[in-house]
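Reviewing the structure listed below.
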Protein chains: 4
Amino acid sequence: MTGRTRTTKGAARRDPVKNRERILGAALAEFSRHGLGGARVDRIAARARANKRMLYYYFGSKDDLFLAVLEASYAQIRSAERALDLEHLDPRAALERLVEFTWEYLLAHPEFTALLNSENLHKGRHVARSRRVRELHSPLVEMLRGILKRGAQRGLFRRGVDPAQLYISIAGEGYFYLSNRYTLSRIFGRDLMTKAALATRARHNRRMILDAVRR
Amino acid sequence: MTGRTRTTKGAARRDPVKNRERILGAALAEFSRHGLGGARVDRIAARARANKRMLYYYFGSKDDLFLAVLEASYAQIRSAERALDLEHLDPRAALERLVEFTWEYLLAHPEFTALLNSENLHKGRHVARSRRVRELHSPLVEMLRGILKRGAQRGLFRRGVDPAQLYISIAGEGYFYLSNRYTLSRIFGRDLMTKAALATRARHNRRMILDAVRR
Amino acid sequence: MTGRTRTTKGAARRDPVKNRERILGAALAEFSRHGLGGARVDRIAARARANKRMLYYYFGSKDDLFLAVLEASYAQIRSAERALDLEHLDPRAALERLVEFTWEYLLAHPEFTALLNSENLHKGRHVARSRRVRELHSPLVEMLRGILKRGAQRGLFRRGVDPAQLYISIAGEGYFYLSNRYTLSRIFGRDLMTKAALATRARHNRRMILDAVRR
Amino acid sequence: MTGRTRTTKGAARRDPVKNRERILGAALAEFSRHGLGGARVDRIAARARANKRMLYYYFGSKDDLFLAVLEASYAQIRSAERALDLEHLDPRAALERLVEFTWEYLLAHPEFTALLNSENLHKGRHVARSRRVRELHSPLVEMLRGILKRGAQRGLFRRGVDPAQLYISIAGEGYFYLSNRYTLSRIFGRDLMTKAALATRARHNRRMILDAVRR
DNA sequence: GATGAATGAGGGTTCATTCAT
DNA sequence: GATGAATGAACCCTCATTCAT
């Protein structure tokens with residue numbers, strides 16, 4: 001008999017924080033792989049090495065869990081965006097960096113795209129009740145506003161570009177290509193996800209956005 | 001055949017073609033509303049005023065039905081694309097028309113977007129086994145190639161624009177905005193689907209694409 | 001345009017007798033492979049290259065079809081039994097021949113065994129309503145009676161052997177071995193259906209029966 | 001633990017062992033009555049006063065449940081066989097006892113016969129994947145071997161009788177008669193299951209087997 | 001005789017969730 | 001905090017059968 005009276009079985013027991021996090025991670029994987037409708041509570045619990053009951057204990061319901069996953073995903077991308085340090089770059093370089101960041105984030109986080117598609121399929125009914133998501137507006141729009149302003153002042157960019165519209169274009173360039181990777185690859189008859197194809201697309205994106213602000 | 005009465009109970013009986021079509025239409029609605037995983041076979045049957053068994057009689061399985069819906073949707077947009085008559089327009093007008101068409105099609109057919117998202121969530125496993133989808137490549141790429149060529153010859157456009165990449169950008173501009181309408185509206189704190197917002201976006205799209213080919 | 005106005009498609013159409021027979025043969029295969037409960041009307045129709053409706057046209061129902069199959073199977077074995085010509089053999093040889101015939105028939109017609117098992121699972125409810133089956137009593141019992149009598153008269157066999165009981169033993173020797181071939185092979189850990197194993201069993205059967213009538 | 005009341009609704013709740021056993025018992029009844037194909041999961045659940053879901057919780061699938069039933073049935077007969085105490089009996093009495101036991105077991109447990117028929121109809125595909133069934137070989141063969149040896153040593157039985165073949169004959173004598181009780185009764189035109197008929201058959205069996213080992 | 005289309009009931013199975021401990 | 005056992009509704013699919021032609 002040691003001081004431990006309880007035998008744990010692999011997963012960290014009696015560590016609520018880690019348990020919660022493991023469930024959240026498992027849920028992210030499941031929801032992004034199968035969508036909200038196709039996700040299975042059992043699989044989430046199994047993947048998290050947690051009791052199914054715990055899932056309800058921590059999150060209340062499948063829908064609430066989905067929202068929690070969404071919020072965590074938004075928080076993560078916002079955090080990454082905030083880490084961008086563009087002020088010291090010249091406007092063109094800053095804009096390029098922003099385009100690259102967006103592309104690379106979507107490329108590295110296909111779960112995020114999948115999650116957004118699920119949420120929009122359900123008419124945004126989860127984010128609608130989330131104050132947190134509402135507050136997690138992207139800092140990129142404001143960053144863009146600053147870059148555009150600096151660029152215009154220096155005569156590099158044309159005036160009158162709407163940073164919100166441009167932000168949507170920046171995201172859209174990557175989003176459509178990456179989210180629809182399978183159908184597009186099938187229709188074009190070639191793999192859009194090869195290294196070469198991705199590099200080509202990244203170049204195209206940069207050019208598209210820079211051309212959009214050209215004088 | 002005279003006008004003999006028919007004892008039907010709502011749906012047109014003994015009209016296989018129409019019954020099949022009704023099922024397909026109901027399935028399109030259901031799949032685009034709830035995704036593949038969330039779609040319910042019972043609801044499709046009910047909406048089609050058909051016996052649930054008929055659905056399997058005609059299509060074999062839920063997955064096969066989903067593929068049939070996808071194929072029909074692709075066929076429809078391809079048909080609409082083919083109806084575009086751009087050769088007689090000057091290159092700039094032709095390009096604008098093409099951008100407008102794409103935007104308007106996505107706007108008018110949100111089911112198509114939803115369907116594509118579902119299919120890509122499932123890694124394109126349905127289109128992968130469809131020869132028909134493979135053959136239904138968009139004529140827009142070739143149209144674009146022609147427009148770009150004419151524009152370059154006349155000195156209106158720069159040379160070297162890849163029509164496939166540009167096609168993806170044209171689609172992407174509208175796709176991201178419309179597909180993510182709910183989350184974006186929530187995050188921006190304003191309705192992106194008002195008449196005014198849509199008009200603004202349409203203008204932005206046209207300009208983006210025209211700027212991309214500018215010399 | 002030839003004299004034929006109707007195009008047939010493989011199966012002999014407009015030949016009711018053959019169609020009926022093909023259905024019966026397909027049903028025999030299906031029922032013996034899957035049992036009454038596991039048999040599928042669709043598979044029978046497909047195997048018979050017949051329209052499913054025809055099956056009902058000819059036989060009325062799945063149960064009636066099962067009975068028809070049973071009756072045909074009984075008729076066939078009775079016919080084979082009747083073809084046995086044992087009168088001119090000496091009693092021992094006649095008895096051996098009868099044992100061999102029974103063993104070989106069961107070995108060659110596993111469907112018959114399967115059918116009987118199905119029918120007995122259902123408490124004989126099909127044969128109960130069949131006058132034909134009632135009338136198709138085996139001639140073997142009478143043959144046996146004759147053989148036993150001749151053998152006893154010649155002092156070869158003991159008196160008082162009940163031909164009905166002996167008939168059941170003759171059948172039982174083979175039936176249990178062959179009907180339970182899979183479970184027995186599994187439990188004994190060896191294949192009971194090899195040529196050698198079958199020969200050994202056949203020898204054993206003959207000896208068992210001859211020993212049973214020994215003085 | 002005091003005598004606190006429990007709110008159950010008929011079946012003993014929260015007693016996994018008993019619930020599992022009740023399901024197994026209900027499944028045995030259903031499978032032996034209707035065969036594997038004809039058995040209904042709903043009926044099993046109803047008979048077990050259990051939720052249909054529990055059946056899958058405990059056994060995984062209908063097929064797995066069928067195997068569990070088979071294994072339990074084999075275990076039961078093996079246990080009964082093992083309880084036979086034949087060593088102290090003289091060889092002839094021991095052999096008679098063994099024949100009687102087999103006959104009486106089959107007579108008392110028609111479900112076992114029905115189960116075996118079902119399993120063999122399906123080509124033994126369940127027992128094939130069961131290690132447990134493989135290990136549950138009958139002790140009767142070894143018992144028989146001992147009896148035959150003792151009998152031969154005392155000059156009561158002939159030498160060279162194969163205990164495995166004889167075991168199959170012992171079982172076969174009863175199996176065919178009892179398993180085919182309905183068809184045989186119909187064909188013979190008399191009830192084979194009356195007390196008198198059964199006694200006659202039991203006598204016949206004993207004699208058959210004893211004659212088979214006679215010198 | 002023969003056919004494709006249609007049907008309602010029910011098949012086995014799985015769902016998200018909650019109970020009792 | 002944590003767990004195995006339990007639940008009813010609903011899932012996709014298939015059944016034997018019949019309709020209209």
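Starting from 1 in every chain, residues are counted up; chains themselves are A, B, ... following the order of the structure tokens, and ligands are numbered from 1 as listed.
Residue list for chain F within 12 Å of chain B: DA10, DC11, DC12, DC13, DT14, DC15, DC19, DA20 and DT21 of chain F, counting only C-alpha atoms (C1' of nucleotides).
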Could you please tell me, as a list in words, which residues of chain E have an atom within 8 Å of chain B when using only C-alpha atoms (C1' of nucleotides)?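 Using only C-alpha atoms (C1' of nucleotides), chain E residues at most 8 Å from chain B: DA5, DA6 and DT7 of chain E.
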Proximity check chain D to chain C, 6 Å, nearest pairs one decimal Å, only C-alpha atoms, as CSV:
```
residue,atom,partner,partner_atom,distance
D:Gly37,CA,C:Gly38,CA,4.5
D:Gly38,CA,C:Gly37,CA,4.4
D:Asn120,CA,C:Tyr182,CA,5.7
D:Lys123,CA,C:Tyr182,CA,5.8
D:Gly124,CA,C:Tyr182,CA,5.0
D:Arg134,CA,C:Ile187,CA,5.3
D:His137,CA,C:Ile187,CA,5.5
D:Ser169,CA,C:Glu173,CA,5.8
D:Gly172,CA,C:Phe176,CA,4.9
D:Glu173,CA,C:Gly172,CA,5.6
D:Phe176,CA,C:Gly172,CA,4.9
D:Asn180,CA,C:Asn120,CA,5.7
D:Tyr182,CA,C:Gly124,CA,5.0
D:Thr183,CA,C:Gly124,CA,5.8
D:Ile187,CA,C:Arg134,CA,5.4
D:Met208,CA,C:Ala212,CA,5.7
D:Asp211,CA,C:Ala212,CA,5.8
D:Ala212,CA,C:Met208,CA,5.7
```
Which polymer residues have any atom within 10 Å of an atom of Leu84 (chain C), counting only C-alpha atoms (C1' of nucleotides), with same-chain residues fewer than 4 positions away left out, as a list of chain:residue names?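 Contacts, with the query itself left out: C:Ser79, C:Ala80, C:Ala94, C:Arg97, C:Leu98, C:Phe101, C:Pro139, C:Leu140, C:Met143.
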Using DSSP on the backbone coordinates, identify the residues of region 41-116 of chain A assigned to alpha helix (DSSP H); present them as a PyMOL selection string. chain A and resi 41-47+52-59+62-82+91-108+110-116
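The protein and nucleic acid residues lying at most 9 Å from Val69 (chain A) are Leu24, Gly25, Ala27, Leu28, Phe31, Asp64, Tyr74 and Leu115 of chain A, with only C-alpha atoms (C1' of nucleotides) considered and sequence neighbours fewer than 5 positions away removed.
Between CA of Tyr58 (chain D) and CA of Val17 (chain D) lies a distance of 10.2 Å.
In this model, the gap between CA of Leu198 (chain D) and CA of Arg158 (chain C) comes to 23.0 Å.
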Go ahead and compute the interatomic distance for CA of Ala197 (chain A) and CA of Thr102 (chain A), in Å to one decimal. 17.1 Å
